[in-house]
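Okay, upload.txt now, which holds compact mmCIF, C-alpha atoms and all ligand atoms:
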# COMPACT_ATOMS: atom_id res chain seq x y z
CA MET A 1 47.64 118.62 126.53
CA LEU A 2 44.23 117.04 126.34
CA ALA A 3 44.09 113.28 126.36
CA PRO A 4 42.55 111.84 123.20
CA ALA A 5 38.83 111.33 123.67
CA ALA A 6 37.31 107.92 123.02
CA THR A 7 35.99 107.84 119.47
CA PRO A 8 32.82 105.91 118.62
CA ALA A 9 35.06 103.39 116.89
CA THR A 10 37.16 102.73 120.00
CA THR A 11 34.03 102.59 122.14
CA SER A 12 32.49 99.99 119.85
CA ILE A 13 35.70 97.98 119.79
CA SER A 14 35.89 97.83 123.58
CA CYS A 15 32.19 96.88 123.74
CA VAL A 16 32.77 94.09 121.26
CA ALA A 17 35.76 92.87 123.27
CA THR A 18 33.78 92.76 126.51
CA PHE A 19 30.35 91.75 125.25
CA TYR A 20 31.27 90.02 122.00
CA PHE A 21 28.15 87.88 122.20
CA LEU A 22 25.82 90.92 122.04
CA PRO A 23 24.88 92.07 118.52
CA LEU A 24 25.73 95.70 117.77
CA PRO A 25 22.58 97.86 117.43
CA THR A 26 21.21 98.04 113.91
CA PRO A 27 21.44 101.58 112.55
CA VAL A 28 18.07 103.23 111.98
CA ILE A 29 19.36 104.99 108.84
CA ARG A 30 21.90 103.30 106.55
CA VAL A 31 23.07 105.19 103.47
CA SER A 32 25.30 103.49 100.96
CA HIS A 33 27.09 105.10 97.99
CA LEU A 34 24.42 107.78 97.63
CA THR A 35 24.86 110.04 94.61
CA LYS A 36 22.77 112.93 93.27
CA ARG A 37 23.54 115.11 90.26
CA PHE A 38 21.82 118.22 88.99
CA GLY A 39 22.92 118.38 85.34
CA ALA A 40 26.68 118.07 85.32
CA GLN A 41 27.03 119.06 88.99
CA VAL A 42 27.53 116.22 91.46
CA VAL A 43 25.76 117.53 94.56
CA VAL A 44 25.89 114.37 96.70
CA ASP A 45 29.01 112.44 95.86
CA ASP A 46 29.06 108.72 96.75
CA LEU A 47 28.17 109.17 100.44
CA SER A 48 28.00 106.24 102.85
CA PHE A 49 27.12 106.59 106.54
CA GLU A 50 24.85 105.29 109.25
CA VAL A 51 22.78 106.94 111.96
CA ALA A 52 22.13 104.97 115.15
CA ALA A 53 18.85 104.82 117.05
CA GLY A 54 18.43 107.87 119.27
CA GLU A 55 21.35 109.69 117.66
CA THR A 56 21.28 113.33 116.49
CA LEU A 57 23.36 113.77 113.35
CA VAL A 58 23.92 117.35 112.21
CA LEU A 59 24.73 118.07 108.56
CA LEU A 60 26.98 121.11 108.43
CA GLY A 61 28.91 122.82 105.67
CA PRO A 62 29.15 125.87 103.43
CA SER A 63 26.19 127.06 101.38
CA GLY A 64 25.57 124.82 98.38
CA CYS A 65 27.57 121.84 99.71
CA GLY A 66 24.55 119.52 99.41
CA LYS A 67 23.09 119.40 102.94
CA THR A 68 19.44 119.97 101.98
CA THR A 69 19.68 117.71 98.94
CA LEU A 70 21.06 114.90 101.11
CA LEU A 71 18.33 115.41 103.74
CA LYS A 72 15.57 115.38 101.12
CA THR A 73 16.75 112.10 99.65
CA LEU A 74 16.05 110.48 103.04
CA ASN A 75 12.28 111.06 102.75
CA ARG A 76 12.24 110.86 98.95
CA LEU A 77 11.48 114.52 98.34
CA ILE A 78 14.48 114.15 96.01
CA GLU A 79 15.25 110.88 94.23
CA PRO A 80 18.97 110.03 94.06
CA ASP A 81 20.80 108.91 90.92
CA GLY A 82 22.62 106.10 92.66
CA GLY A 83 23.11 104.29 95.94
CA THR A 84 20.67 103.05 98.56
CA ILE A 85 18.95 104.35 101.68
CA GLU A 86 17.54 102.01 104.29
CA ILE A 87 15.40 103.19 107.18
CA ASN A 88 14.76 100.61 109.88
CA GLY A 89 16.17 97.96 107.55
CA ARG A 90 13.81 98.77 104.62
CA ASP A 91 14.93 100.30 101.36
CA VAL A 92 13.02 103.58 101.07
CA ARG A 93 12.30 102.81 97.40
CA GLN A 94 10.11 99.88 98.51
CA GLN A 95 7.69 102.31 100.13
CA LYS A 96 5.35 104.80 98.50
CA PRO A 97 6.78 108.31 99.10
CA GLU A 98 3.60 109.51 100.89
CA GLU A 99 3.59 106.52 103.23
CA LEU A 100 7.30 106.87 103.91
CA ARG A 101 6.84 110.57 104.76
CA ARG A 102 3.98 109.88 107.15
CA GLY A 103 6.42 107.81 109.21
CA ILE A 104 9.15 110.48 109.26
CA GLY A 105 8.80 113.87 110.98
CA TYR A 106 9.92 116.78 108.81
CA VAL A 107 10.52 120.37 109.88
CA ILE A 108 11.57 123.14 107.52
CA GLN A 109 12.58 126.76 107.97
CA GLN A 110 9.44 128.05 106.22
CA VAL A 111 7.30 125.96 108.64
CA GLY A 112 4.58 125.39 106.03
CA LEU A 113 1.55 125.34 108.34
CA LEU A 114 -1.80 125.06 106.59
CA PRO A 115 -3.21 128.61 106.86
CA HIS A 116 -6.90 127.71 106.98
CA LEU A 117 -6.49 125.12 109.76
CA THR A 118 -6.18 125.99 113.45
CA VAL A 119 -2.98 125.32 115.35
CA ALA A 120 -4.48 122.16 116.90
CA GLN A 121 -5.69 120.91 113.50
CA ASN A 122 -2.25 121.52 112.00
CA VAL A 123 -0.58 119.50 114.74
CA GLY A 124 -3.11 116.69 114.28
CA VAL A 125 -2.78 116.42 110.48
CA VAL A 126 -0.49 113.38 110.29
CA PRO A 127 -2.12 111.34 113.09
CA SER A 128 -5.49 111.93 111.35
CA LEU A 129 -4.06 110.77 108.01
CA LEU A 130 -2.77 107.67 109.79
CA GLY A 131 -6.29 107.00 111.13
CA ARG A 132 -5.38 107.45 114.80
CA PRO A 133 -8.38 107.87 117.15
CA GLN A 134 -9.42 111.53 117.51
CA VAL A 135 -9.37 111.45 121.31
CA GLU A 136 -5.78 110.16 121.28
CA THR A 137 -4.70 112.82 118.76
CA ALA A 138 -6.36 115.61 120.75
CA ALA A 139 -4.59 114.52 123.95
CA ARG A 140 -1.24 114.26 122.17
CA THR A 141 -1.72 117.70 120.55
CA THR A 142 -2.50 119.29 123.91
CA ALA A 143 0.51 117.66 125.57
CA LEU A 144 2.92 118.70 122.81
CA LEU A 145 1.69 122.30 122.62
CA ASP A 146 1.89 122.61 126.40
CA ARG A 147 5.44 121.22 126.43
CA LEU A 148 6.46 123.71 123.75
CA HIS A 149 5.10 126.59 125.85
CA LEU A 150 2.00 127.17 123.72
CA PRO A 151 -0.82 126.32 126.16
CA ALA A 152 -3.29 124.38 124.04
CA GLU A 153 -6.36 126.04 125.54
CA ARG A 154 -5.20 129.45 124.27
CA PHE A 155 -3.20 128.60 121.13
CA GLY A 156 -5.00 125.48 119.87
CA PRO A 157 -7.98 127.39 118.33
CA MET A 158 -5.82 130.14 116.77
CA LEU A 159 -4.87 130.35 113.08
CA PRO A 160 -1.17 130.26 112.07
CA ALA A 161 -1.31 133.90 110.87
CA GLU A 162 -2.14 134.97 114.43
CA LEU A 163 1.19 133.58 115.74
CA SER A 164 4.71 135.01 115.83
CA GLY A 165 7.51 133.34 113.83
CA GLY A 166 8.87 131.59 116.93
CA GLN A 167 5.39 130.34 117.88
CA GLN A 168 4.82 129.04 114.33
CA GLN A 169 8.15 127.22 114.45
CA ARG A 170 7.13 125.58 117.73
CA VAL A 171 3.86 124.44 116.09
CA GLY A 172 5.98 123.03 113.24
CA LEU A 173 7.98 121.00 115.76
CA ALA A 174 4.81 119.78 117.48
CA ARG A 175 3.38 118.75 114.10
CA ALA A 176 6.50 116.76 113.23
CA LEU A 177 6.36 114.94 116.57
CA ALA A 178 2.59 114.40 116.71
CA ALA A 179 2.49 110.92 115.18
CA ASP A 180 5.52 109.90 117.30
CA PRO A 181 7.71 108.96 114.32
CA PRO A 182 11.02 107.28 115.15
CA VAL A 183 12.93 109.49 112.68
CA ILE A 184 12.83 113.30 112.45
CA LEU A 185 14.44 115.37 109.68
CA LEU A 186 14.95 119.09 110.25
CA ASP A 187 16.16 121.59 107.66
CA GLU A 188 17.38 124.83 109.25
CA PRO A 189 14.42 124.64 111.67
CA PHE A 190 15.44 127.77 113.59
CA GLY A 191 16.96 129.61 110.63
CA ALA A 192 14.24 132.22 110.09
CA LEU A 193 14.14 133.36 113.71
CA ASP A 194 15.89 136.31 115.34
CA PRO A 195 18.84 135.28 117.57
CA ILE A 196 16.95 135.51 120.89
CA THR A 197 13.86 133.63 119.70
CA ARG A 198 16.14 131.16 117.95
CA ALA A 199 18.01 130.38 121.18
CA ALA A 200 14.71 130.03 123.08
CA VAL A 201 13.09 127.66 120.56
CA ARG A 202 16.32 125.65 120.28
CA HIS A 203 16.40 125.36 124.08
CA ASP A 204 12.82 124.05 124.19
CA PHE A 205 13.63 121.65 121.36
CA ARG A 206 16.64 120.28 123.27
CA GLU A 207 14.57 119.88 126.43
CA LEU A 208 11.92 117.70 124.75
CA ASP A 209 12.34 114.35 126.48
CA GLU A 210 10.99 112.34 123.60
CA LEU A 211 13.65 113.62 121.22
CA ARG A 212 16.18 111.55 123.15
CA ARG A 213 14.44 108.42 121.85
CA LYS A 214 14.35 109.64 118.27
CA THR A 215 16.81 109.45 115.44
CA VAL A 216 17.33 113.00 114.25
CA VAL A 217 19.06 114.40 111.16
CA LEU A 218 19.32 118.19 111.24
CA VAL A 219 20.70 120.61 108.65
CA THR A 220 22.25 123.86 109.79
CA HIS A 221 24.97 126.26 108.78
CA ASP A 222 25.21 127.57 112.35
CA VAL A 223 28.30 126.09 113.98
CA THR A 224 27.22 126.87 117.57
CA GLU A 225 23.85 125.23 116.91
CA ALA A 226 25.62 122.17 115.53
CA PHE A 227 27.83 121.90 118.63
CA GLU A 228 24.83 122.33 120.95
CA LEU A 229 22.62 119.73 119.32
CA ALA A 230 24.81 117.10 117.64
CA ASP A 231 25.92 113.73 118.86
CA ARG A 232 27.92 113.66 115.64
CA ILE A 233 28.51 116.28 112.96
CA MET A 234 28.90 115.46 109.28
CA LEU A 235 30.90 118.29 107.74
CA LEU A 236 30.30 118.39 103.98
CA ASN A 237 31.96 120.22 101.12
CA ASN A 238 31.18 119.81 97.43
CA GLY A 239 28.92 116.84 98.22
CA LYS A 240 31.64 114.89 100.03
CA ILE A 241 32.09 114.10 103.71
CA GLN A 242 35.08 116.04 105.03
CA GLN A 243 34.79 114.60 108.53
CA LEU A 244 32.15 112.72 110.51
CA GLY A 245 32.40 112.46 114.27
CA PRO A 246 31.54 113.94 117.66
CA PRO A 247 31.77 117.76 117.67
CA ARG A 248 34.86 117.93 119.88
CA GLU A 249 36.70 115.51 117.60
CA LEU A 250 36.20 117.80 114.59
CA LEU A 251 37.37 120.73 116.69
CA LEU A 252 40.34 119.17 118.44
CA ARG A 253 41.44 116.66 115.80
CA PRO A 254 40.45 118.13 112.42
CA ALA A 255 40.99 115.67 109.59
CA SER A 256 42.15 118.33 107.11
CA ASP A 257 42.91 122.01 106.61
CA PHE A 258 39.36 122.46 105.35
CA VAL A 259 37.93 121.19 108.66
CA ARG A 260 40.37 123.28 110.70
CA SER A 261 39.63 126.47 108.79
CA PHE A 262 35.85 125.86 108.86
CA PHE A 263 35.85 126.19 112.65
CA GLN A 264 38.62 128.80 112.87
CA ALA A 265 36.44 131.88 113.33
CA GLU A 266 34.57 130.41 116.29
CA GLN A 267 37.34 128.22 117.62
CA LEU A 268 37.68 129.76 121.08
CA ALA A 269 33.93 129.78 121.76
CA LEU A 270 33.65 126.16 120.61
CA GLN A 271 36.64 125.06 122.71
CA LEU A 272 35.07 126.69 125.78
CA ARG A 273 31.91 124.67 125.11
CA SER A 274 33.71 121.41 124.34
CA ILE A 275 36.26 121.21 127.14
CA THR A 276 35.09 120.03 130.53
CA LEU A 277 36.23 120.97 134.01
CA ALA A 278 37.56 117.42 134.39
CA GLU A 279 40.03 118.23 131.60
CA VAL A 280 41.21 121.53 133.04
CA GLN A 281 41.35 120.20 136.61
CA PRO A 282 45.00 118.91 136.42
CA TYR A 283 46.13 122.46 135.55
CA LEU A 284 44.39 124.18 138.47
CA PRO A 285 46.48 125.22 141.51
CA GLN A 286 46.65 122.21 143.80
CA SER A 287 46.72 124.23 147.02
CA GLY A 288 44.91 127.37 148.01
CA GLN A 289 42.04 128.75 149.97
CA PRO A 290 39.40 126.17 150.86
CA ALA A 291 36.14 127.62 149.58
CA ALA A 292 33.47 128.65 152.02
CA THR A 293 30.51 126.73 150.58
CA ALA A 294 28.26 129.74 151.13
CA ASP A 295 30.09 131.98 148.67
CA ALA A 296 31.34 129.55 146.01
CA ILE A 297 29.17 127.86 143.40
CA ILE A 298 29.52 124.08 143.43
CA ILE A 299 29.73 122.65 139.94
CA PRO A 300 30.29 119.07 138.66
CA PHE A 301 33.39 117.92 136.72
CA THR A 302 31.22 117.17 133.71
CA ALA A 303 30.30 120.85 133.15
CA SER A 304 32.05 122.69 130.33
CA VAL A 305 34.32 125.68 130.90
CA HIS A 306 31.67 127.73 129.07
CA GLU A 307 28.99 126.65 131.57
CA ALA A 308 31.31 127.39 134.51
CA LEU A 309 32.08 130.90 133.25
CA GLY A 310 28.37 131.47 132.55
CA LEU A 311 27.51 130.51 136.14
CA LEU A 312 30.16 132.83 137.54
CA ASP A 313 28.91 135.70 135.37
CA ALA A 314 25.28 135.11 136.27
CA SER A 315 25.87 135.00 140.03
CA ALA A 316 27.52 137.24 142.55
CA ALA A 317 29.80 134.37 143.65
CA PRO A 318 33.52 135.19 143.60
CA ALA A 319 34.60 131.61 142.82
CA LEU A 320 33.63 128.10 141.85
CA ARG A 321 34.21 124.86 143.65
CA LEU A 322 34.33 121.53 141.89
CA THR A 323 32.58 118.68 143.68
CA ASP A 324 35.19 116.80 145.79
CA ARG A 325 37.77 119.58 145.46
CA PRO A 326 38.07 121.79 148.52
CA GLN A 327 39.90 124.75 146.94
CA ALA A 328 38.04 127.62 145.36
CA ILE A 329 38.67 128.42 141.68
CA THR A 330 38.57 131.99 140.51
CA ARG A 331 37.68 133.05 136.98
CA GLY A 332 41.34 133.89 136.29
CA GLN A 333 42.57 130.49 137.50
CA LEU A 334 39.96 128.73 135.41
CA LEU A 335 40.94 130.59 132.23
CA ALA A 336 44.67 130.00 132.88
CA ALA A 337 44.06 126.26 133.37
CA PHE A 338 41.90 126.17 130.23
CA GLY A 339 44.78 127.74 128.26
CA GLN A 340 47.22 125.15 129.61
CA ALA A 341 44.83 122.28 128.86
CA LEU A 342 44.71 123.40 125.25
CA GLY A 343 48.49 123.17 125.25
N1 LIG B 401 16.40 121.39 91.94
C1 LIG B 401 17.65 121.77 91.67
N2 LIG B 401 18.06 121.92 90.40
C2 LIG B 401 19.32 122.27 90.11
N3 LIG B 401 20.28 122.49 91.04
C3 LIG B 401 19.93 122.35 92.32
C4 LIG B 401 18.60 121.99 92.71
N4 LIG B 401 18.56 121.91 94.06
C5 LIG B 401 19.79 122.23 94.50
N5 LIG B 401 20.61 122.49 93.46
C6 LIG B 401 22.04 122.84 93.56
O1 LIG B 401 22.68 121.84 94.31
C7 LIG B 401 23.68 122.40 95.15
C8 LIG B 401 23.42 121.97 96.59
O2 LIG B 401 22.21 122.55 97.03
P1 LIG B 401 21.68 122.30 98.52
O3 LIG B 401 20.42 123.08 98.67
O4 LIG B 401 21.63 120.86 98.80
O5 LIG B 401 22.87 122.97 99.36
P2 LIG B 401 22.92 123.35 100.91
O6 LIG B 401 24.21 122.85 101.40
O7 LIG B 401 21.69 122.90 101.61
O8 LIG B 401 22.97 124.93 100.82
P3 LIG B 401 22.35 126.07 101.79
O9 LIG B 401 23.11 125.99 103.08
O10 LIG B 401 22.65 127.33 101.03
O11 LIG B 401 20.89 125.81 101.93
C9 LIG B 401 23.62 123.91 94.95
O12 LIG B 401 24.63 124.27 94.04
C10 LIG B 401 22.25 124.13 94.33
O13 LIG B 401 22.26 125.23 93.48

Could you quickly redo this structure as C-alpha cells?
Ligand SMILES: Nc1ncnc2c1ncn2[C@@H]1O[C@H](COP(=O)(O)OP(=O)(O)OP(=O)(O)O)[C@@H](O)[C@H]1O
Amino acid sequence: MLAPAATPATTSISCVATFYFLPLPTPVIRVSHLTKRFGAQVVVDDLSFEVAAGETLVLLGPSGCGKTTLLKTLNRLIEPDGGTIEINGRDVRQQKPEELRRGIGYVIQQVGLLPHLTVAQNVGVVPSLLGRPQVETAARTTALLDRLHLPAERFGPMLPAELSGGQQQRVGLARALAADPPVILLDEPFGALDPITRAAVRHDFRELDELRRKTVVLVTHDVTEAFELADRIMLLNNGKIQQLGPPRELLLRPASDFVRSFFQAEQLALQLRSITLAEVQPYLPQSGQPAATADAIIIPFTASVHEALGLLDASAAPALRLTDRPQAITRGQLLAAFGQALG
C-alpha cells in the first residue's frame, strides 16, 4: 500500500517545529466566510480558504457548483453578499474595481480581444492604462508573444480575426501577463479549443517560467487539466468545499463519497499520473537482468508511472531503468508493480 503523503498541514507543522522563529508566509489571497446568493439560491456558501504566493489553485466541480461566481468575486466582477476577500493583505472593497482589476490578470474562455486593435496593441492594453513607458511595453509584448510561439514580428501587427482560436487564446494569456501582475485568474482558459490545440496551449502555459512566481486561481471542469496544473484542487459542490488539497490527496484519500465518485470515471488515468516510480519501486522484482544502458531508457524516481509508460511507448526501447537501479523494468513489470502499490 502507498505510504500516506505529507499534507500541507503536516509540512507546515514540521517547518514550524524546526524553524519556529520564522514567520509563515502571508497568503496572497485570503477569503473568509464568503457568501453569494442569486435570489433564493446560495451559490457560494460560507467559503473560507487561502492561496499562498506562487501557488496554483484549481477550482473544480460539476456545472453550476459556483466556480465562476467564486472566481469573479476575487476581482469584483461579482460583489458577494457576505464575507471578506483580501489580496496581498488589502480588503478588495477598499480598492476601486477598475484599479483592482488592473493589478490582477484575467483570462476567460471567450478571450475578449479588442477586434479593432492589433495583437500587439491588445497585449499592451493594461501596461498602457497603467502608464508604463511605451518602449518597456513593446519589449515585454515581443518577449511574451515569442514565448507563446507567436513571433511578434509576424503576429504583432495582425488583427484578432486573422488568428485561429488557439492563437487568440495565447494572445489572451500574453495580455493577462503583460503588466506582470502577481495574481492571475483564469476561467476555463482552454475550454473553447479542440483537444489537440487545448493540450498544446496548456503545455505552453505550464512552461511559462514566470507563472511559477505568480499566484494563480483557475476554473476548469476538466479533471485531467486540474491534475496537470494544480498545486491544490478545491472541489466544490452546491457552493461548498467538498475537499481542498493536493490532487493526489483527493484521489487517494477522498474525504467523502462525493469526492470518490467525482474522480471515478478517470480514476485509473489519474492514478497513473499521480503515482511515482519511487512508490512502485518496492514492488518491482529485486533481481533480474542488468539493463544494457544502450537499450534501456534511464528515468528518475520522481517520474510518474504515466510518464514512464509514455516514454516506453514513444521509443523503441524494450525496458526502462531507474537511476541507481541496475535491473531493467519491462512494461509488464511496471504495470504489475503499479497494481500492487495501489494495494
Ligand atoms: N447573474 C446570475 N443571476 C442568477 N443566477 C446566476 C447568475 N450567475 C450564475 N448564476 C447561477 O449560479 C449558479 C452557479 O453558477 P456558476 O457560473 O458560478 O457555476 P459554475 O460552477 O462556474 O458552472 P459551469 O461549470 O457550468 O460554468 C448556477 O446555478 C447559475 O445558474

- Message: Need to verify the contact set: A:Val123, 9 Å, only C-alpha atoms, exclusion of same-chain residues closer than 4 positions in sequence. Can you return it as an MDAnalysis selection string?
- Response: chainID A and resid 113 118:119 127 137 141 144:145 171:178

- Item | Atom pair atom CA of A:Leu311 / atom CA of A:Asp222: separation (Å) | 24.1 Å

Neighbours of ligand LIG 401 (chain B) within 10 Å, counting all atoms listed in the file, as a PDB file with C-alpha atoms, in the frame of the given file?
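Below is the file that was written, selection-v3.pdb:
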ATOM      1  CA  LYS A  36      22.770 112.930  93.270  1.00  0.00           C
ATOM      2  CA  ARG A  37      23.540 115.110  90.260  1.00  0.00           C
ATOM      3  CA  PHE A  38      21.820 118.220  88.990  1.00  0.00           C
ATOM      4  CA  GLY A  39      22.920 118.380  85.340  1.00  0.00           C
ATOM      5  CA  ALA A  40      26.680 118.070  85.320  1.00  0.00           C
ATOM      6  CA  GLN A  41      27.030 119.060  88.990  1.00  0.00           C
ATOM      7  CA  VAL A  42      27.530 116.220  91.460  1.00  0.00           C
ATOM      8  CA  VAL A  43      25.760 117.530  94.560  1.00  0.00           C
ATOM      9  CA  VAL A  44      25.890 114.370  96.700  1.00  0.00           C
ATOM     10  CA  LEU A  59      24.730 118.070 108.560  1.00  0.00           C
ATOM     11  CA  LEU A  60      26.980 121.110 108.430  1.00  0.00           C
ATOM     12  CA  GLY A  61      28.910 122.820 105.670  1.00  0.00           C
ATOM     13  CA  PRO A  62      29.150 125.870 103.430  1.00  0.00           C
ATOM     14  CA  SER A  63      26.190 127.060 101.380  1.00  0.00           C
ATOM     15  CA  GLY A  64      25.570 124.820  98.380  1.00  0.00           C
ATOM     16  CA  CYS A  65      27.570 121.840  99.710  1.00  0.00           C
ATOM     17  CA  GLY A  66      24.550 119.520  99.410  1.00  0.00           C
ATOM     18  CA  LYS A  67      23.090 119.400 102.940  1.00  0.00           C
ATOM     19  CA  THR A  68      19.440 119.970 101.980  1.00  0.00           C
ATOM     20  CA  THR A  69      19.680 117.710  98.940  1.00  0.00           C
ATOM     21  CA  LEU A  70      21.060 114.900 101.110  1.00  0.00           C
ATOM     22  CA  LEU A  71      18.330 115.410 103.740  1.00  0.00           C
ATOM     23  CA  LYS A  72      15.570 115.380 101.120  1.00  0.00           C
ATOM     24  CA  ILE A  78      14.480 114.150  96.010  1.00  0.00           C
ATOM     25  CA  ASP A 187      16.160 121.590 107.660  1.00  0.00           C
ATOM     26  CA  GLU A 188      17.380 124.830 109.250  1.00  0.00           C
ATOM     27  CA  VAL A 219      20.700 120.610 108.650  1.00  0.00           C
ATOM     28  CA  THR A 220      22.250 123.860 109.790  1.00  0.00           C
ATOM     29  CA  HIS A 221      24.970 126.260 108.780  1.00  0.00           C
ATOM     30  CA  ASP A 222      25.210 127.570 112.350  1.00  0.00           C
ATOM     31  CA  LEU A 236      30.300 118.390 103.980  1.00  0.00           C
ATOM     32  CA  ASN A 237      31.960 120.220 101.120  1.00  0.00           C
ATOM     33  CA  ASN A 238      31.180 119.810  97.430  1.00  0.00           C
ATOM     34  CA  GLY A 239      28.920 116.840  98.220  1.00  0.00           C
TER      35      GLY A 239
END

- Task: Report the distance between atom CA of A:Ala296 and atom CA of A:Ala328 in Å, rounded to one decimal place.
- Result: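 Atom-to-atom, atom CA of A:Ala296 to atom CA of A:Ala328, that is 7.0 Å.
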
- Write out as number ranges by chain the residues lying within 12 Å of A:Asp209, counting all atoms listed in the file and excluding same-chain residues fewer than 3 positions away. A: 54, 144, 147-148, 177, 203-206, 212-214

- Query: Please, what distance in Å, to one decimal, runs between atom CA of A:Leu320 and atom CA of A:Gln333?
  - Reply: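 Here the two named atoms are 10.2 Å from each other.
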
- Skip A:Pro160 itself and residues of its chain fewer than 3 positions away, then list as an NGL selection string all residues within 12 Å of it, counting all atoms listed in the file. :A and (111-123 or 155-157 or 163-172)

C-alpha atoms of the current selection, written as a tab-separated table (two decimals), keeping the file's coordinate frame:
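Produced file part32.tsv, reproduced below:
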chain	number	residue	atom	x	y	z
A	111	VAL	CA	7.30	125.96	108.64
A	112	GLY	CA	4.58	125.39	106.03
A	113	LEU	CA	1.55	125.34	108.34
A	114	LEU	CA	-1.80	125.06	106.59
A	115	PRO	CA	-3.21	128.61	106.86
A	116	HIS	CA	-6.90	127.71	106.98
A	117	LEU	CA	-6.49	125.12	109.76
A	118	THR	CA	-6.18	125.99	113.45
A	119	VAL	CA	-2.98	125.32	115.35
A	120	ALA	CA	-4.48	122.16	116.90
A	121	GLN	CA	-5.69	120.91	113.50
A	122	ASN	CA	-2.25	121.52	112.00
A	123	VAL	CA	-0.58	119.50	114.74
A	155	PHE	CA	-3.20	128.60	121.13
A	156	GLY	CA	-5.00	125.48	119.87
A	157	PRO	CA	-7.98	127.39	118.33
A	163	LEU	CA	1.19	133.58	115.74
A	164	SER	CA	4.71	135.01	115.83
A	165	GLY	CA	7.51	133.34	113.83
A	166	GLY	CA	8.87	131.59	116.93
A	167	GLN	CA	5.39	130.34	117.88
A	168	GLN	CA	4.82	129.04	114.33
A	169	GLN	CA	8.15	127.22	114.45
A	170	ARG	CA	7.13	125.58	117.73
A	171	VAL	CA	3.86	124.44	116.09
A	172	GLY	CA	5.98	123.03	113.24
